[in-house]
Every structure is written in C-alpha cells, then in structure tokens.
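Peer 1: This is the content of model08.csv (CSV, C-alpha atoms):
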chain,number,residue,atom,x,y,z
T,1,MET,CA,3.1,-21.7,10.1
T,2,GLN,CA,2.7,-18.3,8.7
T,3,ILE,CA,1.4,-17.6,5.2
T,4,ALA,CA,1.4,-14.1,3.8
T,5,GLY,CA,0.1,-12.7,0.6
T,6,THR,CA,0.4,-9.3,-1.0
T,7,ALA,CA,0.2,-7.6,-4.4
T,8,GLU,CA,2.1,-4.6,-2.9
T,9,LEU,CA,5.7,-4.7,-4.0
T,10,THR,CA,7.1,-2.7,-1.1
T,11,GLN,CA,5.6,-5.3,1.4
T,12,LEU,CA,7.0,-8.3,-0.4
T,13,PRO,CA,10.6,-8.4,1.0
T,14,PHE,CA,9.3,-8.3,4.6
T,15,PHE,CA,6.8,-11.1,4.0
T,16,ILE,CA,9.4,-13.3,2.1
T,17,THR,CA,11.9,-13.0,4.9
T,18,ALA,CA,9.5,-13.2,7.8
T,19,CYS,CA,6.9,-15.8,6.7
T,20,ASP,CA,7.2,-19.5,5.9
T,21,TYR,CA,5.2,-19.1,2.6
T,22,THR,CA,4.4,-16.0,0.6
T,23,LEU,CA,1.8,-15.5,-2.1
T,24,ILE,CA,3.4,-13.1,-4.5
T,25,GLY,CA,1.2,-10.8,-6.7
T,26,GLU,CA,-1.4,-12.7,-8.6
T,27,GLU,CA,-1.0,-15.8,-6.5
T,28,LEU,CA,-3.1,-13.9,-3.9
T,29,TYR,CA,-6.0,-14.0,-6.4
T,30,ALA,CA,-5.4,-17.7,-7.2
T,31,ALA,CA,-5.5,-18.7,-3.5
T,32,SER,CA,-9.3,-18.8,-3.2
T,33,ALA,CA,-9.5,-20.9,-6.4
T,34,TYR,CA,-6.8,-23.2,-5.1
T,35,LEU,CA,-8.5,-23.7,-1.8
T,36,THR,CA,-12.2,-24.0,-2.9
T,37,LYS,CA,-11.7,-25.5,-6.4
T,38,GLU,CA,-14.8,-23.7,-7.4
T,39,PRO,CA,-15.3,-23.9,-11.2
T,40,THR,CA,-16.0,-20.2,-11.7
T,41,LEU,CA,-12.9,-19.2,-9.8
T,42,LEU,CA,-10.8,-21.7,-11.8
T,43,ALA,CA,-12.3,-20.4,-15.0
T,44,ASN,CA,-11.3,-16.9,-13.8
T,45,LEU,CA,-7.7,-18.1,-13.3
T,46,LYS,CA,-7.7,-19.6,-16.8
T,47,ALA,CA,-8.9,-16.4,-18.3
T,48,ALA,CA,-6.3,-14.4,-16.4
T,49,ASP,CA,-3.6,-16.8,-17.7
T,50,ALA,CA,-4.9,-16.3,-21.2
T,51,PHE,CA,-4.7,-12.6,-20.8
T,52,LYS,CA,-1.2,-12.9,-19.5
T,53,ILE,CA,-0.2,-14.9,-22.5
T,54,ALA,CA,-1.8,-12.3,-24.8
T,55,ALA,CA,0.1,-9.6,-22.9
T,56,MET,CA,3.4,-11.5,-23.3
T,57,LEU,CA,2.7,-11.9,-27.0
T,58,PHE,CA,2.0,-8.2,-27.4
T,59,ILE,CA,5.2,-7.4,-25.5
T,60,VAL,CA,7.3,-9.7,-27.7
T,61,ILE,CA,5.7,-8.2,-30.9
T,62,GLY,CA,6.2,-4.7,-29.5
T,63,VAL,CA,9.8,-5.3,-28.6
T,64,THR,CA,10.5,-6.8,-32.0
T,65,LEU,CA,8.8,-4.0,-33.9
T,66,ALA,CA,10.6,-1.4,-31.8
T,67,THR,CA,13.9,-3.1,-32.4
T,68,MET,CA,13.2,-3.0,-36.1
T,69,GLY,CA,12.5,0.7,-35.8
T,70,VAL,CA,8.8,0.5,-36.5
T,71,PHE,CA,7.0,2.9,-34.1
T,72,HIS,CA,3.9,3.8,-36.1
T,73,LEU,CA,1.8,1.0,-37.4
T,74,GLY,CA,-1.1,3.2,-38.4
T,75,PRO,CA,-0.1,4.0,-42.0
T,76,ALA,CA,1.0,0.4,-42.7
T,77,VAL,CA,-2.2,-1.2,-41.3
T,78,PHE,CA,-4.9,1.3,-42.1
T,79,LYS,CA,-4.0,2.6,-45.5
O,1,MET,CA,-33.2,-9.2,-1.1
O,2,LYS,CA,-30.6,-8.4,1.5
O,3,LYS,CA,-27.9,-9.5,-0.9
O,4,THR,CA,-29.5,-8.7,-4.3
O,5,VAL,CA,-29.9,-4.9,-3.7
O,6,PRO,CA,-26.2,-4.3,-2.8
O,7,LEU,CA,-25.2,-6.7,-5.6
O,8,VAL,CA,-27.2,-4.7,-8.2
O,9,ILE,CA,-25.9,-1.3,-6.8
O,10,GLY,CA,-22.4,-2.7,-7.0
O,11,MET,CA,-22.9,-3.9,-10.6
O,12,LEU,CA,-24.5,-0.6,-11.8
O,13,PHE,CA,-21.8,1.6,-10.3
O,14,GLY,CA,-19.0,-0.7,-11.2
O,15,ALA,CA,-20.2,-0.8,-14.8
O,16,PHE,CA,-20.5,3.0,-14.8
O,17,ALA,CA,-17.0,3.4,-13.4
O,18,LEU,CA,-15.7,1.2,-16.2
O,19,ALA,CA,-17.8,2.8,-19.0
O,20,GLU,CA,-16.7,6.2,-17.9
O,21,PHE,CA,-13.4,5.7,-19.5
O,22,TYR,CA,-15.0,5.1,-22.9
O,23,ILE,CA,-17.5,7.9,-22.9
O,24,PRO,CA,-15.7,11.2,-23.3
O,25,HIS,CA,-18.7,13.4,-22.5
O,26,HIS,CA,-18.4,16.1,-19.9
O,27,GLN,CA,-21.7,15.2,-18.2
O,28,VAL,CA,-20.4,11.7,-17.6
O,29,GLY,CA,-17.3,13.1,-16.0
O,30,ALA,CA,-19.4,15.4,-13.8
O,31,LEU,CA,-21.6,12.5,-12.7
O,32,SER,CA,-18.5,10.4,-12.0
O,33,ASN,CA,-17.1,13.2,-9.8
O,34,GLU,CA,-20.4,13.3,-8.0
O,35,PHE,CA,-20.2,9.5,-7.4
O,36,ARG,CA,-16.7,9.9,-6.1
O,37,SER,CA,-18.0,12.4,-3.5
O,38,TRP,CA,-20.6,9.8,-2.5
O,39,ALA,CA,-17.9,7.2,-2.2
O,40,ALA,CA,-15.8,9.6,0.0
O,41,ILE,CA,-18.9,10.1,2.2
O,42,LEU,CA,-19.5,6.4,2.4
O,43,ALA,CA,-15.9,5.7,3.3
O,44,SER,CA,-16.1,8.4,6.1
O,45,SER,CA,-19.2,6.7,7.4
O,46,ALA,CA,-17.3,3.4,7.5
O,47,PHE,CA,-14.8,5.0,9.9
O,48,ILE,CA,-17.7,5.8,12.2
O,49,ILE,CA,-19.0,2.3,12.0
O,50,GLY,CA,-15.4,1.1,12.6
O,51,GLY,CA,-15.2,3.2,15.7
O,52,ILE,CA,-18.5,1.8,17.1
O,53,ASN,CA,-17.3,-1.7,16.2
O,54,ILE,CA,-14.1,-1.2,18.2
O,55,LEU,CA,-16.1,0.0,21.1
O,56,GLN,CA,-18.5,-3.0,20.9
O,57,VAL,CA,-15.6,-5.5,20.7
O,58,THR,CA,-13.2,-4.0,23.4
O,59,TRP,CA,-15.6,-2.6,26.0
O,60,PRO,CA,-17.0,-6.0,27.1
O,61,LYS,CA,-13.4,-7.4,27.3
O,62,ILE,CA,-12.4,-4.5,29.6
O,63,ARG,CA,-15.5,-5.0,31.7
O,64,ARG,CA,-14.8,-8.7,32.1
O,65,ARG,CA,-11.1,-8.0,32.9
O,66,GLU,CA,-10.1,-10.4,30.2
O,67,PRO,CA,-6.3,-11.1,29.6
O,68,ASP,CA,-4.5,-8.0,28.3
O,69,TRP,CA,-7.5,-5.7,29.0
O,70,GLY,CA,-5.1,-2.9,29.9
O,71,TYR,CA,-4.0,-2.6,26.3
O,72,LYS,CA,-7.6,-2.2,25.2
O,73,VAL,CA,-8.0,0.7,27.7
O,74,VAL,CA,-4.9,2.3,26.0
O,75,LEU,CA,-6.5,1.7,22.6
O,76,LEU,CA,-9.8,3.3,23.5
O,77,ALA,CA,-8.1,6.2,25.4
O,78,GLY,CA,-5.7,6.8,22.5
O,79,ALA,CA,-8.6,6.8,20.0
O,80,ALA,CA,-10.7,9.1,22.2
O,81,VAL,CA,-7.8,11.6,22.7
O,82,MET,CA,-7.0,11.7,19.0
O,83,LEU,CA,-10.7,12.2,18.2
O,84,LEU,CA,-11.0,15.1,20.6
O,85,ALA,CA,-7.7,16.6,19.4
O,86,GLY,CA,-8.7,16.1,15.8
O,87,LEU,CA,-11.9,18.1,16.0
O,88,PRO,CA,-11.6,21.7,14.8
O,89,TRP,CA,-12.7,23.3,18.1
O,90,HIS,CA,-11.1,26.6,17.2
O,91,LYS,CA,-13.9,27.2,14.7
O,92,LEU,CA,-16.4,27.3,17.5
O,93,GLY,CA,-15.1,30.5,19.1
O,94,ASP,CA,-14.4,33.9,17.5
O,95,ALA,CA,-10.6,33.5,17.3
O,96,PRO,CA,-9.0,36.4,15.4
O,97,THR,CA,-8.0,35.8,11.8
O,98,HIS,CA,-6.4,39.3,11.3
O,99,PRO,CA,-3.9,41.2,13.3
O,100,THR,CA,-5.1,44.4,14.9
O,101,VAL,CA,-3.9,47.4,12.9
O,102,THR,CA,-4.3,50.9,14.5
O,103,PHE,CA,-3.3,54.1,12.7
O,104,GLY,CA,-1.3,56.5,14.9
O,105,PRO,CA,-0.3,60.1,14.6
O,106,ARG,CA,1.5,61.0,11.4
O,107,LEU,CA,5.2,61.7,11.4
O,108,PRO,CA,6.3,65.3,11.3
O,109,ALA,CA,6.5,66.9,7.9
O,110,PRO,CA,10.1,67.0,6.6
O,111,ALA,CA,12.1,70.2,6.5
O,112,PRO,CA,12.1,71.9,3.1
O,113,GLY,CA,14.3,70.1,0.6
O,114,GLU,CA,14.3,66.9,2.6
O,115,PRO,CA,12.5,63.7,1.3
O,116,PRO,CA,9.3,62.8,3.2
O,117,ALA,CA,9.6,60.1,5.9
O,118,ALA,CA,8.7,56.5,4.9
O,119,PRO,CA,5.7,55.0,6.8
O,120,ALA,CA,6.6,53.5,10.1
O,121,VAL,CA,5.0,50.2,11.3
O,122,PHE,CA,5.2,49.5,15.1
O,123,VAL,CA,5.0,45.8,15.8
O,124,LYS,CA,4.1,44.6,19.2
O,125,VAL,CA,3.9,40.8,19.3
O,126,PRO,CA,4.9,38.1,21.8
O,127,ALA,CA,8.4,36.8,21.8
O,128,ASP,CA,7.7,33.5,19.8
O,129,VAL,CA,5.7,35.2,17.1
O,130,THR,CA,7.3,35.8,13.6
O,131,TYR,CA,6.1,38.9,11.8
O,132,GLN,CA,6.3,39.7,8.1
O,133,ILE,CA,5.7,43.4,7.2
O,134,GLY,CA,6.0,43.8,3.4
O,135,ALA,CA,9.4,42.3,2.6
O,136,THR,CA,10.7,42.5,6.1
O,137,VAL,CA,10.6,39.4,8.2
O,138,GLY,CA,11.5,39.4,11.9
O,139,ALA,CA,11.0,37.6,15.2
O,140,GLY,CA,9.0,39.3,17.9
O,141,THR,CA,10.7,40.2,21.2
O,142,GLY,CA,7.7,41.2,23.3
O,143,ARG,CA,8.8,44.8,23.0
O,144,LEU,CA,7.8,47.5,20.4
O,145,GLU,CA,9.8,47.1,17.2
O,146,VAL,CA,9.8,49.6,14.3
O,147,VAL,CA,9.8,48.6,10.7
O,148,ARG,CA,10.0,51.2,7.9
O,149,VAL,CA,8.2,50.3,4.7
O,150,ALA,CA,7.8,51.9,1.3
O,151,PRO,CA,4.4,53.7,0.7
O,152,GLY,CA,1.7,51.6,-0.9
O,153,GLU,CA,-0.1,48.4,0.0
O,154,VAL,CA,1.7,46.4,2.7
O,155,THR,CA,0.9,42.7,3.5
O,156,ILE,CA,1.1,42.0,7.3
O,157,LYS,CA,1.5,38.5,8.5
O,158,LEU,CA,1.9,37.1,12.0
O,159,SER,CA,2.7,33.5,12.6
O,160,ARG,CA,4.5,31.1,14.9
O,161,ARG,CA,7.5,29.0,14.0
O,162,VAL,CA,5.9,26.1,15.9
O,163,PRO,CA,3.3,24.3,13.7
O,164,GLY,CA,-0.3,24.2,14.8
O,165,TYR,CA,-1.0,27.9,15.1
O,166,ALA,CA,-3.1,30.0,12.7
O,167,THR,CA,-1.5,32.7,10.6
O,168,LEU,CA,-3.0,36.2,11.0
O,169,GLU,CA,-2.9,38.1,7.8
O,170,THR,CA,-4.1,41.5,6.6
O,171,LYS,CA,-3.3,44.3,4.2
O,172,ALA,CA,-2.9,48.0,4.9
O,173,THR,CA,-2.4,50.9,2.5
O,174,LEU,CA,0.1,53.4,3.8
O,175,ILE,CA,1.2,56.8,2.5
O,176,GLU,CA,4.3,58.8,3.5
O,177,ARG,CA,4.6,59.7,7.1
O,178,ASP,CA,1.9,57.3,8.2
O,179,THR,CA,2.4,55.3,11.4
O,180,ILE,CA,0.5,52.1,12.3
O,181,THR,CA,0.7,49.7,15.3
O,182,VAL,CA,0.4,46.0,14.5
O,183,GLU,CA,-0.7,43.8,17.4
O,184,GLY,CA,-1.8,40.2,17.5
O,185,ASP,CA,-1.3,36.7,18.9
O,186,PRO,CA,-1.8,33.9,16.4
O,187,PRO,CA,-4.3,31.5,18.1
O,188,MET,CA,-3.7,27.8,18.6
O,189,MET,CA,-5.6,25.6,16.1
O,190,TRP,CA,-7.3,22.3,16.7
O,191,GLY,CA,-8.0,19.6,14.2
O,192,ARG,CA,-5.7,17.8,11.8
O,193,ASP,CA,-3.3,20.7,11.6
O,194,GLY,CA,-3.8,21.8,15.2
O,195,ARG,CA,-1.1,22.1,17.8
O,196,VAL,CA,-2.2,19.1,20.0
O,197,PHE,CA,-2.7,16.7,17.1
O,198,VAL,CA,0.6,17.6,15.5
O,199,TRP,CA,2.4,17.4,18.9
O,200,ILE,CA,1.0,13.9,19.6
O,201,TYR,CA,1.8,12.9,16.0
O,202,GLU,CA,5.4,14.1,16.2
O,203,HIS,CA,6.2,13.3,19.9
O,204,VAL,CA,4.2,10.1,20.5
O,205,PHE,CA,3.3,8.4,17.3
O,206,GLY,CA,6.6,9.2,15.5
O,207,PRO,CA,8.9,7.8,18.2
O,208,ALA,CA,6.6,4.8,18.7
O,209,ASN,CA,6.6,4.1,15.0
O,210,ALA,CA,10.4,4.5,14.8
O,211,THR,CA,10.8,2.1,17.7
O,212,LEU,CA,8.7,-0.5,16.1
O,213,PHE,CA,10.6,-0.2,12.8
O,214,ALA,CA,13.9,-0.4,14.6
O,215,LEU,CA,12.8,-3.7,16.2
O,216,LEU,CA,11.7,-4.9,12.8
O,217,ALA,CA,15.2,-4.4,11.5
O,218,PHE,CA,16.6,-7.0,14.0
O,219,PHE,CA,13.6,-9.3,13.3
O,220,VAL,CA,14.2,-9.1,9.5
O,221,ALA,CA,17.9,-9.6,9.9
O,222,SER,CA,17.4,-12.9,11.9
O,223,ALA,CA,14.6,-14.0,9.5
O,224,ALA,CA,16.9,-13.2,6.5
O,225,PHE,CA,19.6,-15.3,8.1
O,226,ARG,CA,17.2,-18.2,8.1
O,227,ALA,CA,15.9,-17.5,4.6
O,228,PHE,CA,19.3,-17.1,3.0
O,229,ARG,CA,20.5,-20.6,3.8
O,230,ALA,CA,21.2,-22.3,0.5
O,231,ARG,CA,18.6,-25.1,0.9
O,232,ASN,CA,17.7,-25.3,-2.8
O,233,THR,CA,18.5,-23.5,-6.1
O,234,GLU,CA,16.1,-20.6,-5.5
O,235,ALA,CA,17.4,-20.0,-2.0
O,236,ALA,CA,21.0,-20.2,-3.3
O,237,LEU,CA,20.2,-17.6,-6.0
O,238,LEU,CA,18.5,-15.4,-3.4
O,239,LEU,CA,21.6,-15.7,-1.2
O,240,GLY,CA,24.0,-14.9,-4.1
O,241,ALA,CA,22.0,-11.9,-5.2
O,242,ALA,CA,21.8,-10.7,-1.6
O,243,ILE,CA,25.6,-11.0,-1.1
O,244,PHE,CA,26.3,-9.0,-4.3
O,245,MET,CA,23.6,-6.5,-3.4
O,246,MET,CA,25.1,-5.9,0.1
O,247,LEU,CA,28.6,-5.7,-1.2
O,248,GLY,CA,27.6,-3.4,-4.0
O,249,ARG,CA,25.7,-1.0,-1.7
O,250,ALA,CA,28.3,-1.0,1.1
O,251,PRO,CA,31.4,1.1,0.7
O,252,LEU,CA,33.5,-2.0,1.3
O,253,GLY,CA,32.3,-3.6,-2.1
O,254,GLY,CA,33.3,-0.4,-4.0
O,255,ALA,CA,36.7,-0.4,-2.3
O,256,ILE,CA,37.4,-4.0,-3.3
O,257,SER,CA,36.3,-3.5,-7.0
O,258,ASP,CA,34.1,-1.3,-9.1
O,259,VAL,CA,32.5,-4.5,-10.4
O,260,PHE,CA,30.4,-4.9,-7.2
O,261,PRO,CA,28.4,-1.6,-7.4
O,262,ASP,CA,28.0,-2.0,-11.1
O,263,PHE,CA,26.8,-5.6,-10.8
O,264,ALA,CA,24.4,-4.6,-7.9
O,265,GLN,CA,22.9,-1.9,-10.1
O,266,TRP,CA,22.6,-4.4,-13.0
O,267,LEU,CA,20.8,-6.8,-10.6
O,268,LEU,CA,18.3,-4.0,-9.7
O,269,ASP,CA,17.9,-2.7,-13.2
O,270,VAL,CA,17.5,-5.9,-15.1
O,271,PRO,CA,16.4,-9.1,-13.2
O,272,SER,CA,14.8,-7.3,-10.3
O,273,ASN,CA,13.0,-4.8,-12.5
O,274,GLY,CA,11.8,-7.5,-14.9
O,275,GLY,CA,10.4,-9.5,-12.0
O,276,ARG,CA,8.8,-6.4,-10.4
O,277,ARG,CA,7.0,-5.6,-13.7
O,278,ALA,CA,5.9,-9.2,-14.0
O,279,ILE,CA,4.4,-9.1,-10.5
O,280,MET,CA,2.7,-5.8,-11.2
O,281,MET,CA,1.2,-7.0,-14.5
O,282,GLY,CA,0.1,-10.3,-12.9
O,283,ALA,CA,-1.5,-8.4,-10.0
O,284,ALA,CA,-3.2,-5.9,-12.3
O,285,ILE,CA,-4.7,-8.7,-14.4
O,286,GLY,CA,-5.8,-10.5,-11.2
O,287,ALA,CA,-7.4,-7.2,-10.0
O,288,ILE,CA,-9.1,-6.7,-13.4
O,289,ALA,CA,-10.5,-10.3,-13.2
O,290,THR,CA,-11.7,-9.7,-9.6
O,291,GLY,CA,-13.2,-6.3,-10.6
O,292,LEU,CA,-15.1,-8.0,-13.5
O,293,ARG,CA,-16.4,-10.7,-11.2
O,294,VAL,CA,-17.8,-8.0,-8.9
O,295,ILE,CA,-19.4,-6.1,-11.8
O,296,LEU,CA,-20.9,-9.3,-13.2
O,297,GLY,CA,-22.2,-10.4,-9.8
O,298,LEU,CA,-20.1,-13.5,-9.6
O,299,GLU,CA,-18.1,-12.3,-6.6
O,300,ARG,CA,-20.2,-12.2,-3.5
O,301,SER,CA,-17.7,-12.5,-0.7
O,302,HIS,CA,-17.7,-8.8,0.0
O,303,LEU,CA,-21.4,-8.9,0.8
O,304,GLY,CA,-20.8,-11.2,3.9
O,305,ASN,CA,-21.7,-14.8,4.5
O,306,ASP,CA,-25.0,-14.6,6.3
Would you write the structure of this file as structure tokens?
Peer 2:
Amino acid sequence: MQIAGTAELTQLPFFITACDYTLIGEELYAASAYLTKEPTLLANLKAADAFKIAAMLFIVIGVTLATMGVFHLGPAVFK
Amino acid sequence: MKKTVPLVIGMLFGAFALAEFYIPHHQVGALSNEFRSWAAILASSAFIIGGINILQVTWPKIRRREPDWGYKVVLLAGAAVMLLAGLPWHKLGDAPTHPTVTFGPRLPAPAPGEPPAAPAVFVKVPADVTYQIGATVGAGTGRLEVVRVAPGEVTIKLSRRVPGYATLETKATLIERDTITVEGDPPMMWGRDGRVFVWIYEHVFGPANATLFALLAFFVASAAFRAFRARNTEAALLLGAAIFMMLGRAPLGGAISDVFPDFAQWLLDVPSNGGRRAIMMGAAIGAIATGLRVILGLERSHLGND
C-alpha cells in the first residue's frame, strides 16, 4: 500500500492517481497527530482548525461587505 | 546540551525572522539580510555533508558487491563528473577576456573635395565565432573580413553561438581613416554556465528526464483508469469532471458543442479554483502552526532522535 502526502498543488494529481491514499494539504500536518495522538499535536490541530474557522468567517464577512459595496471600513469604524 | 543549544538557536532566529516583519527599521532589514547569507552558507555546507553521506552509504555497498551495486557506481561517477565539470576551472588560467585590437596603417587621405574614408575594422576570427562591431553583426569565416564603421567609440564583441563560451568584449575609439585588426577566440568556460556542464545537462540529463516523464504518462494513464472507476460518489464526481475536462480540452469536444469547452473552463475557474485555494490556505495555516511549534521549542523532530 502506498500513502503519499504533499502540500504542493502541482504534485497532487500524480499522487492521487498513483497512490492508494493521499494526504492533501493540511492533512500532511495532521498525520503525526493522528498517528501519535500526542496532546500537544492534537492541540495544535485544534488551534489550526480554529484559525481556519476564523479565516472562513473573515472571508464571508469580506465577501458580504464587498457585495454591499463597502471597501473602506476605516472611516466607519475609527471615526 | 546537544539538543538545547540547537533548539535555542532555532527559537532565537525563528523569532527574529517573525519579528522582522513588524519592525520597519533599516538595521533590522540589514541584519536579516546578513542572516540570510548565513543561511545560504549553511545550506551550501549541507550539500557537502550530503555528498560525504552519499559516499559513506554507497561505497561500502560497492565494495561488498551488494545487489544493484552497478547503479551506485553510476551514481558516484555521475556526481564526480558533474562536480568536476561544475567547478570554474577557467578562472585558474589567464584566459583572455578582451579581443586583441591592433591599430594598422591609416587609410590614404582622400582626394580634394571627397569625404574622408570611414574607419575600417579587419576581423580575423575562427569560423564558428560571431562578431559584433558597433551595430554590425556577422559570423566569422576564418578569413579576413572588413567592416566599415562610423568614427567614434566602437564596441567590439566576439562570442560563439554555442553556449558555454566566454564573450570577449572591448571598446575602441576610432577616427576617420583609422584601420584596426580584431582577433580573438572566445575561450571555453567551465562551471555552471560552462560548455561541459551545459552539454551534459542538455544532452544527457534532458533526454533522461524526458524519457522518465514519458514513461510517467503511461503510468499515470493506467493509474487514472483504476482511479476513475465509479466506486463511490467522490470517485464518480472525479470521473465525471475528468470526462468533461478531457472533452472540453480536446478539439473533439468543441466540435460536438461549445458547451464542453465552456463547462471545462467553468470547472477549472470555480470548483477547482475554490478547492485549490482551500488547500493552499489549509497548508499555510498548517505551516504557520508548525513554524510556531519550532519557534516555541515544542517541535523537536528536526533535531534528530538520539
């Protein structure tokens, strides 16, 4: 059985077609936590997930504001 | 101690690399450039250690005639040849950097009422050398060639069309009726841009690389055939996307309907692009987390296990 992992987008198609299982992107970083179950590594994963949720929220807020035509929050927030 | 010192060095330099972005002082930038030079030197040293390591690993296997020892001989011989070809040997000798320019007798004075003769440049270079005299470019023939130039400063360049040879360059100031003879033979260079290195790269490495990639195409095609079987929903989606993609990219799809190229482009621009960005962002956050672990000293795997 072949398992490959990469965060490099150009390598991904080759690995997906050629290997049985592929760790895509951040899964590569989660592999050690999954295998060892070490608390610090798991906490790390949790923190990374929290950051991802925050990033998603910011993207949604940004997209909504941009759709509404608000591009400069400065004067509205810091007046 | 063996682990603490590297850990502290890693923490300090990692923290500095991070802090550098938030301290817009020129001295911090200068220090950061200095550290980057150190990093480049360290990385170069790692290559030397890597070379020694390869020797330590492969040499005993060759001596014991272990299975596939012949490939290891090829590996070592290839590395040795590239090392020798990659060193700038040409800097050891006193190879010419300028063409030889000799002033000859001046052309006869013009008859009264006639304009003075333009300076004449006699070029005597081997047949495969290209010369540039001012704005005139020509190929050498091994015989004497005459180039007429306007008075003033003239740039003289001799080079070869084949890569890996030095360019001989000089300047000469000529007045009306001057004659000069330009001679020179651009010497072969060694090192990364040298003839031997470039030749091996283009004629050995290039074809070998192309061969391997050509084999990979067949391998990926057979692997894709296995992967694209509709075993579950994800595999079916992959299969469907691949079929539309192939139809959209091949001329056949466009001939059947305009929908195929448009849909293939939409697949690339929307779902594929979104997925790609998600992977990039996830990987970036993972890399940040790993970087922070190194800076905080939580990550010790890069220091070895013993």
Peer 1: Return as an mmCIF file with C-alpha atoms, keeping the file's coordinate frame the residues belonging to chain T that are within 6 Å of chain O, counting all atoms listed in the file.
Peer 2:
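Writing the result to part30.cif gives the following:
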data_model
loop_
_atom_site.group_PDB
_atom_site.id
_atom_site.type_symbol
_atom_site.label_atom_id
_atom_site.label_comp_id
_atom_site.auth_asym_id
_atom_site.auth_seq_id
_atom_site.Cartn_x
_atom_site.Cartn_y
_atom_site.Cartn_z
ATOM 1 C CA ALA T 7 0.200 -7.600 -4.400
ATOM 2 C CA THR T 17 11.900 -13.000 4.900
ATOM 3 C CA ALA T 18 9.500 -13.200 7.800
ATOM 4 C CA GLY T 25 1.200 -10.800 -6.700
ATOM 5 C CA GLU T 26 -1.400 -12.700 -8.600
ATOM 6 C CA TYR T 29 -6.000 -14.000 -6.400
#
Peer 1: Nearest to Asp20 (chain T): which of T:Leu35, T:Leu45, T:Met68, T:Gly5 is it, counting all atoms listed in the file?
Peer 2: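 For Asp20 (chain T), the nearest of the given residues is T:Gly5.
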Peer 1: Return as AutoDock Vina command-line options the box centre and box size in Å, one decimal, for an axis-aligned box around all listed atoms of region 8-12 of chain T padded by 5 Å per side.
Peer 2:
--center_x 4.6 --center_y -5.5 --center_z -1.3 --size_x 15.0 --size_y 15.6 --size_z 15.4
Peer 1: Provide the CA of Gly194 (chain O) to CA of Gly134 (chain O) distance in Å, to one decimal place.
Peer 2: 26.8 Å
Peer 1: Considering only C-alpha atoms, state which residue in the set T:Ala31, T:Ala43, T:Ile24, T:Leu65 is at the smallest distance from Gln11 (chain T).
Peer 2: T:Ile24
Peer 1: Which residues come within 8 Å of region 46-56 of chain O, counting only C-alpha atoms, excluding same-chain residues fewer than 4 positions away, as a PDB file with C-alpha atoms, in the frame of the given file?
Peer 2:
ATOM      1  CA  LEU O  42     -19.500   6.400   2.400  1.00  0.00           C
ATOM      2  CA  PRO O  60     -17.000  -6.000  27.100  1.00  0.00           C
ATOM      3  CA  LEU O  76      -9.800   3.300  23.500  1.00  0.00           C
TER       4      LEU O  76
END
Peer 1: Show me the residues around (-7.8, 21.4, 15.1) - criterion: an atom at most 9 Å away, all atoms listed in the file counted - as an mmCIF file with C-alpha atoms, keeping the file's coordinate frame.
Peer 2:
data_model
loop_
_atom_site.group_PDB
_atom_site.id
_atom_site.type_symbol
_atom_site.label_atom_id
_atom_site.label_comp_id
_atom_site.auth_asym_id
_atom_site.auth_seq_id
_atom_site.Cartn_x
_atom_site.Cartn_y
_atom_site.Cartn_z
ATOM 1 C CA LEU O 84 -11.000 15.100 20.600
ATOM 2 C CA ALA O 85 -7.700 16.600 19.400
ATOM 3 C CA GLY O 86 -8.700 16.100 15.800
ATOM 4 C CA LEU O 87 -11.900 18.100 16.000
ATOM 5 C CA PRO O 88 -11.600 21.700 14.800
ATOM 6 C CA TRP O 89 -12.700 23.300 18.100
ATOM 7 C CA HIS O 90 -11.100 26.600 17.200
ATOM 8 C CA LYS O 91 -13.900 27.200 14.700
ATOM 9 C CA GLY O 164 -0.300 24.200 14.800
ATOM 10 C CA MET O 188 -3.700 27.800 18.600
ATOM 11 C CA MET O 189 -5.600 25.600 16.100
ATOM 12 C CA TRP O 190 -7.300 22.300 16.700
ATOM 13 C CA GLY O 191 -8.000 19.600 14.200
ATOM 14 C CA ARG O 192 -5.700 17.800 11.800
ATOM 15 C CA ASP O 193 -3.300 20.700 11.600
ATOM 16 C CA GLY O 194 -3.800 21.800 15.200
ATOM 17 C CA ARG O 195 -1.100 22.100 17.800
ATOM 18 C CA VAL O 196 -2.200 19.100 20.000
ATOM 19 C CA PHE O 197 -2.700 16.700 17.100
#
Peer 1: Suppose you want the space between CA of Val125 (chain O) and CA of Asp185 (chain O); what is it in Å?
Peer 2: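 Computing it gives 6.6 Å between the two atoms.
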Peer 1: Taking the block just given, write region 2-13 of chain T to a file that holds N, CA and C atoms, as a PDB file, in the first residue's frame.
Peer 2:
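Saved as out-v4.pdb:
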ATOM      1  N   GLN T   2       0.487   2.221  -0.834  1.00  0.00           N
ATOM      2  CA  GLN T   2       1.275   3.451  -0.917  1.00  0.00           C
ATOM      3  C   GLN T   2       0.471   4.619  -0.362  1.00  0.00           C
ATOM      4  N   ILE T   3       1.103   5.359   0.544  1.00  0.00           N
ATOM      5  CA  ILE T   3       0.457   6.573   1.058  1.00  0.00           C
ATOM      6  C   ILE T   3       1.369   7.753   0.720  1.00  0.00           C
ATOM      7  N   ALA T   4       0.818   8.767   0.085  1.00  0.00           N
ATOM      8  CA  ALA T   4       1.622   9.933  -0.257  1.00  0.00           C
ATOM      9  C   ALA T   4       0.994  11.165   0.376  1.00  0.00           C
ATOM     10  N   GLY T   5       1.796  12.154   0.640  1.00  0.00           N
ATOM     11  CA  GLY T   5       1.277  13.395   1.212  1.00  0.00           C
ATOM     12  C   GLY T   5       2.048  14.573   0.671  1.00  0.00           C
ATOM     13  N   THR T   6       1.347  15.630   0.321  1.00  0.00           N
ATOM     14  CA  THR T   6       2.035  16.839  -0.144  1.00  0.00           C
ATOM     15  C   THR T   6       1.143  18.068   0.047  1.00  0.00           C
ATOM     16  N   ALA T   7       1.801  19.193   0.279  1.00  0.00           N
ATOM     17  CA  ALA T   7       1.072  20.464   0.308  1.00  0.00           C
ATOM     18  C   ALA T   7       1.311  21.211  -0.998  1.00  0.00           C
ATOM     19  N   GLU T   8       2.032  20.541  -1.926  1.00  0.00           N
ATOM     20  CA  GLU T   8       2.372  21.160  -3.205  1.00  0.00           C
ATOM     21  C   GLU T   8       1.283  20.821  -4.222  1.00  0.00           C
ATOM     22  N   LEU T   9       0.592  21.850  -4.719  1.00  0.00           N
ATOM     23  CA  LEU T   9      -0.578  21.595  -5.578  1.00  0.00           C
ATOM     24  C   LEU T   9      -0.224  20.882  -6.877  1.00  0.00           C
ATOM     25  N   THR T  10       0.966  21.184  -7.420  1.00  0.00           N
ATOM     26  CA  THR T  10       1.323  20.594  -8.708  1.00  0.00           C
ATOM     27  C   THR T  10       1.616  19.094  -8.592  1.00  0.00           C
ATOM     28  N   GLN T  11       1.955  18.639  -7.382  1.00  0.00           N
ATOM     29  CA  GLN T  11       2.277  17.214  -7.186  1.00  0.00           C
ATOM     30  C   GLN T  11       1.014  16.398  -6.957  1.00  0.00           C
ATOM     31  N   LEU T  12      -0.042  17.073  -6.505  1.00  0.00           N
ATOM     32  CA  LEU T  12      -1.236  16.358  -6.047  1.00  0.00           C
ATOM     33  C   LEU T  12      -1.839  15.389  -7.075  1.00  0.00           C
ATOM     34  N   PRO T  13      -2.083  15.822  -8.324  1.00  0.00           N
ATOM     35  CA  PRO T  13      -2.733  14.909  -9.278  1.00  0.00           C
ATOM     36  C   PRO T  13      -1.967  13.610  -9.448  1.00  0.00           C
TER      37      PRO T  13
END
